[in-house]
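Chemist: Take a look at the following structure, please.
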Amino acid sequence: MVKIYVIDTNILIQNPQALLSFEDNQVILPVVVLEELDNLKKADGEKGRNARAAIRILEELRQKGDLLEGIELASGGILRVEKNFVNVQLPEDLPEEKMDNRILKVCKGLAESCEEQVVLVTKDILLRIKAQIIGIRAEDYTTEQVVEYEGQYRGRIEVYVPEEKFKEFKKKGVPVEDVYLSDEQGNRIVPKLEENEFVILKADQSAKKTQLGRVEKGVIKKLEYRKTQPYGVSPRNAGQYFVQEALMQPAEKAPLVIIKGRAGTSKTFYTLAVGLEKILNHPTGEYRRILISRPNAQFDSDIGFLPGDEQEKISPLMRPVIDNLEQLIDSNEEERYKDERELQGKIDEIFDRGLIQTEALNYIRGRSIMKTYLIIDEAQNMTPNQVKGIITRAGKGTKIILLGDTNQIDRPMLDERTNGLSYASEYMKGSPLCWQVTFTPEECERSALAMDAITRL
């Protein structure tokens, strides 16, 4: 049955192509949405860019006919601009001058005059609640949604293997069909393992015997870099061994690495350690530089009003990176902060030589980045559209590392199912070019307090 979907502005600001994603249904744009796009078209950053993209799509459609009458879409649906229903009555506590409520008037008017089911599509939770109050069905934009957090891909699994196969692991590896899990009744279950998935192998006759491996073309193989100490850092848990393996691989083999985990699991620390190892300790020319970007929920609207050049504007966002560099540059914890000036001088030298650069996320888009170790920290604050834009910027020899914690999302229109980090993780699952690791809460290495807080709070 054909439905009528009324689209809120925030859907187009997150993904302008959403206009074309409703199959053979009717897509309605209230006039107030056009007004909001007009107000946003000159905005800086992602909002302005997506508003302009949505306007261009509407212009292409306008040239094919009358938007007020309706334009047929390639999907078989109809897109129409709705300017009527200004006299529809809403409850007294929903003032008409508010733009959200003007959208509700269109929804209510359509519902009263049409036989088709009317559905409001918005990322605004409160608007969805208000729609329900007046009897209108409301939904989030689900096209870019992934599964619930508990069911998302983690890039790692713990399995059992027969004792005889376990003994042969280091020499021959283990075929994926030879490992298994057990259910509550003790029945064997053969898991589906993805390409590049990391594996903790347990001998089924002695669960204390474990090996670490990775799936490659149907075989679980031992880690190549398990004995490596990038920039003097040694892995302390299985998660760090897996991360080290993914990061140490050359960009040609592992151009995209996605690392998820709670605070204190050393995501940024370990990523920087491998980058410094490749650039400073053993400079083979694999990468020209380390480029770091860190999206921020308020970045688009605030950066233009901050004083100074680009580097001065984004420096507050990069403070966590500096904190990790301080620990890496001087590994002696007792002596590290005795001479703050000397420590700062060492860090400044790395930046002055251009070995590490920081850049605003919006300035990375639109470029082709070559032979670069590109770190996107706090990637859970990216939209799916942004993460697509970043990954497609990877030129020859570039390695992209997405880091983040989906429990710490700061953007109001994103959640655990719609953020760019989860989106990339689910859709790149199984790609031979993507390696993923999710740290467990028990792998927190920041402090005893941090670990305790992760499990309790």
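Just so we're on the same page: first chain in the structure tokens is A, next is B, and so on; residues restart at 1 for each chain, and ligands are numbered from 1 in the order they show up.
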Run DSSP on the backbone of this structure and report the residues of region 82-246 of chain A it assigns to alpha helix (DSSP H), as an MDAnalysis selection string.

Modeler: chainID A and resid 99:113 125:133 163:167 169:172 238:246

Chemist: Where does region 109-187 of chain A meet region 431-455 of chain A within 8 Å, residue by residue, with the nearest atom pair and distance in Å to one decimal for each, counting only C-alpha atoms, listed by chain and rising number, as a tab-separated table?

Modeler:
```
residue	atom	partner	partner_atom	distance
A:Arg154	CA	A:Thr438	CA	5.0
A:Gly155	CA	A:Gln436	CA	4.7
A:Arg156	CA	A:Val437	CA	6.3
```

Chemist: Which is closest to Ile4 (chain A) among A:Tyr373, A:Phe198, A:Phe22, A:Tyr427, if we use only C-alpha atoms?

Modeler: A:Phe22

Chemist: Select, from A:Ala74, A:Leu20, A:Gln117, A:Ala54, the residue with the minimum atom-to-atom distance to Tyr5 (chain A), counting only C-alpha atoms.

Modeler: A:Gln117

Chemist: Check the smallest atom-to-atom distance from each of A:Tyr231, A:Phe85, A:Tyr141, A:Tyr153 to Asp124 (chain A) using only C-alpha atoms, then report the winner.

Modeler: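 Ranked by minimum distance to Asp124 (chain A), first place goes to A:Tyr141.
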
Chemist: Pick from A:Ile290, A:Leu73, A:Val106, A:Leu343: nearest to Leu19 (chain A), with only C-alpha atoms counted?

Modeler: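 Closest to Leu19 (chain A) of all the choices is A:Leu73.
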
Chemist: List the spatial neighbours of region 321-330 of chain A as a ChimeraX atom specification - criterion: any atom at most 8 Å away, only C-alpha atoms, same-chain residues fewer than 4 positions off excluded.

Modeler: /A:231,268-269,272-273,336,343,346-347

Chemist: Measure the distance from CA of Asn196 (chain A) to CA of Ile356 (chain A) in Å and round it to one decimal.

Modeler: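 Taking CA of Asn196 (chain A) as the start and CA of Ile356 (chain A) as the end point, the length is 28.5 Å.
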
Chemist: For Leu374 (chain A), which residue out of A:Leu361, A:Arg262, A:Leu291, A:Tyr423 is the nearest one, using only C-alpha atoms?

Modeler: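 The shortest atom-to-atom distance to Leu374 (chain A) comes from A:Leu291.
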
Chemist: Just list the residues in region 113-210 of chain A DSSP gives strand (DSSP E or B) on the backbone, as an MDAnalysis selection string.

Modeler: chainID A and resid 117:121 137:139 156:161 174:175 180:182 188:189 198:203 206:210

Chemist: Selection from above, N, CA and C atoms, as a compact mmCIF listing (two decimals), in the first residue's frame, can you write it?

Modeler:
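And here's selection-v4.txt as it stands now:
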```txt
# COMPACT_ATOMS: atom_id res chain seq x y z
N GLN A 117 -2.05 6.26 4.25
CA GLN A 117 -1.49 6.52 5.58
C GLN A 117 -0.43 7.61 5.49
N VAL A 118 -0.49 8.56 6.40
CA VAL A 118 0.47 9.67 6.45
C VAL A 118 1.50 9.37 7.53
N VAL A 119 2.78 9.50 7.16
CA VAL A 119 3.88 9.23 8.09
C VAL A 119 4.83 10.42 8.10
N LEU A 120 5.05 11.00 9.26
CA LEU A 120 6.04 12.07 9.40
C LEU A 120 7.41 11.44 9.63
N VAL A 121 8.41 11.86 8.83
CA VAL A 121 9.77 11.34 8.97
C VAL A 121 10.66 12.47 9.49
N ARG A 137 1.26 9.20 12.70
CA ARG A 137 2.38 8.27 12.82
C ARG A 137 3.68 8.99 12.48
N ALA A 138 4.72 8.75 13.27
CA ALA A 138 6.01 9.42 13.04
C ALA A 138 7.13 8.39 13.16
N GLU A 139 8.15 8.55 12.31
CA GLU A 139 9.28 7.62 12.29
C GLU A 139 10.59 8.38 12.13
N ARG A 156 35.76 -9.28 16.32
CA ARG A 156 36.48 -10.28 17.09
C ARG A 156 35.50 -11.32 17.64
N ILE A 157 36.01 -12.51 17.89
CA ILE A 157 35.17 -13.58 18.42
C ILE A 157 36.04 -14.55 19.20
N GLU A 158 35.46 -15.21 20.15
CA GLU A 158 36.16 -16.22 20.95
C GLU A 158 35.53 -17.58 20.65
N VAL A 159 36.34 -18.55 20.20
CA VAL A 159 35.81 -19.84 19.76
C VAL A 159 36.65 -20.99 20.33
N TYR A 160 36.09 -22.18 20.24
CA TYR A 160 36.80 -23.39 20.63
C TYR A 160 37.31 -24.10 19.38
N VAL A 161 38.40 -24.85 19.57
CA VAL A 161 38.97 -25.62 18.48
C VAL A 161 39.43 -26.96 19.04
N VAL A 174 44.08 -22.73 11.16
CA VAL A 174 42.90 -23.57 11.41
C VAL A 174 41.79 -23.15 10.44
N PRO A 175 41.24 -24.09 9.65
CA PRO A 175 40.10 -23.74 8.78
C PRO A 175 38.92 -23.26 9.62
N TYR A 180 34.20 -23.79 16.74
CA TYR A 180 32.80 -23.84 17.13
C TYR A 180 32.55 -23.09 18.43
N LEU A 181 31.27 -22.83 18.68
CA LEU A 181 30.79 -22.28 19.94
C LEU A 181 29.88 -23.32 20.59
N SER A 182 29.54 -23.09 21.84
CA SER A 182 28.61 -23.98 22.53
C SER A 182 27.44 -23.18 23.06
N ARG A 188 27.09 -27.91 19.84
CA ARG A 188 28.07 -27.16 19.04
C ARG A 188 27.37 -26.28 18.01
N ILE A 189 27.87 -25.07 17.88
CA ILE A 189 27.37 -24.13 16.88
C ILE A 189 28.56 -23.65 16.04
N PHE A 198 39.09 -11.00 13.90
CA PHE A 198 40.09 -11.49 14.85
C PHE A 198 39.47 -12.57 15.74
N VAL A 199 40.32 -13.53 16.11
CA VAL A 199 39.82 -14.71 16.80
C VAL A 199 40.68 -15.04 18.01
N ILE A 200 40.02 -15.30 19.14
CA ILE A 200 40.69 -15.89 20.29
C ILE A 200 40.36 -17.38 20.26
N LEU A 201 41.37 -18.21 20.00
CA LEU A 201 41.20 -19.65 19.90
C LEU A 201 41.43 -20.30 21.26
N LYS A 202 40.51 -21.15 21.67
CA LYS A 202 40.66 -21.89 22.92
C LYS A 202 40.66 -23.39 22.62
N ALA A 203 41.64 -24.11 23.15
CA ALA A 203 41.65 -25.57 22.99
C ALA A 203 40.50 -26.16 23.78
N SER A 206 41.38 -27.97 27.00
CA SER A 206 42.02 -27.17 28.04
C SER A 206 41.77 -25.70 27.72
N ALA A 207 40.68 -25.16 28.27
CA ALA A 207 40.27 -23.79 27.92
C ALA A 207 41.29 -22.74 28.29
N LYS A 208 42.25 -23.09 29.15
CA LYS A 208 43.29 -22.11 29.53
C LYS A 208 44.31 -21.90 28.42
N LYS A 209 44.37 -22.83 27.45
CA LYS A 209 45.28 -22.67 26.31
C LYS A 209 44.60 -21.79 25.27
N THR A 210 45.21 -20.67 24.95
CA THR A 210 44.63 -19.75 23.97
C THR A 210 45.67 -19.30 22.95
```

Chemist: Report, in Å with one decimal, the straight-line distance from CA of Asp100 (chain A) to CA of Leu127 (chain A).

Modeler: 6.9 Å

Chemist: Which residue, A:Pro295, A:Gly151, A:Pro320, A:Gly275, has the smallest gap to Thr372 (chain A) when you use only C-alpha atoms?

Modeler: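 Going through A:Pro295, A:Gly151, A:Pro320, A:Gly275 one by one, the smallest distance to Thr372 (chain A) is for A:Gly275.
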
Chemist: Mind pulling up the distance from CA of Leu90 (chain A) to CA of Ile134 (chain A)?

Modeler: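 We find that CA of Ile134 (chain A) and CA of Leu90 (chain A) lie 7.9 Å from each other.
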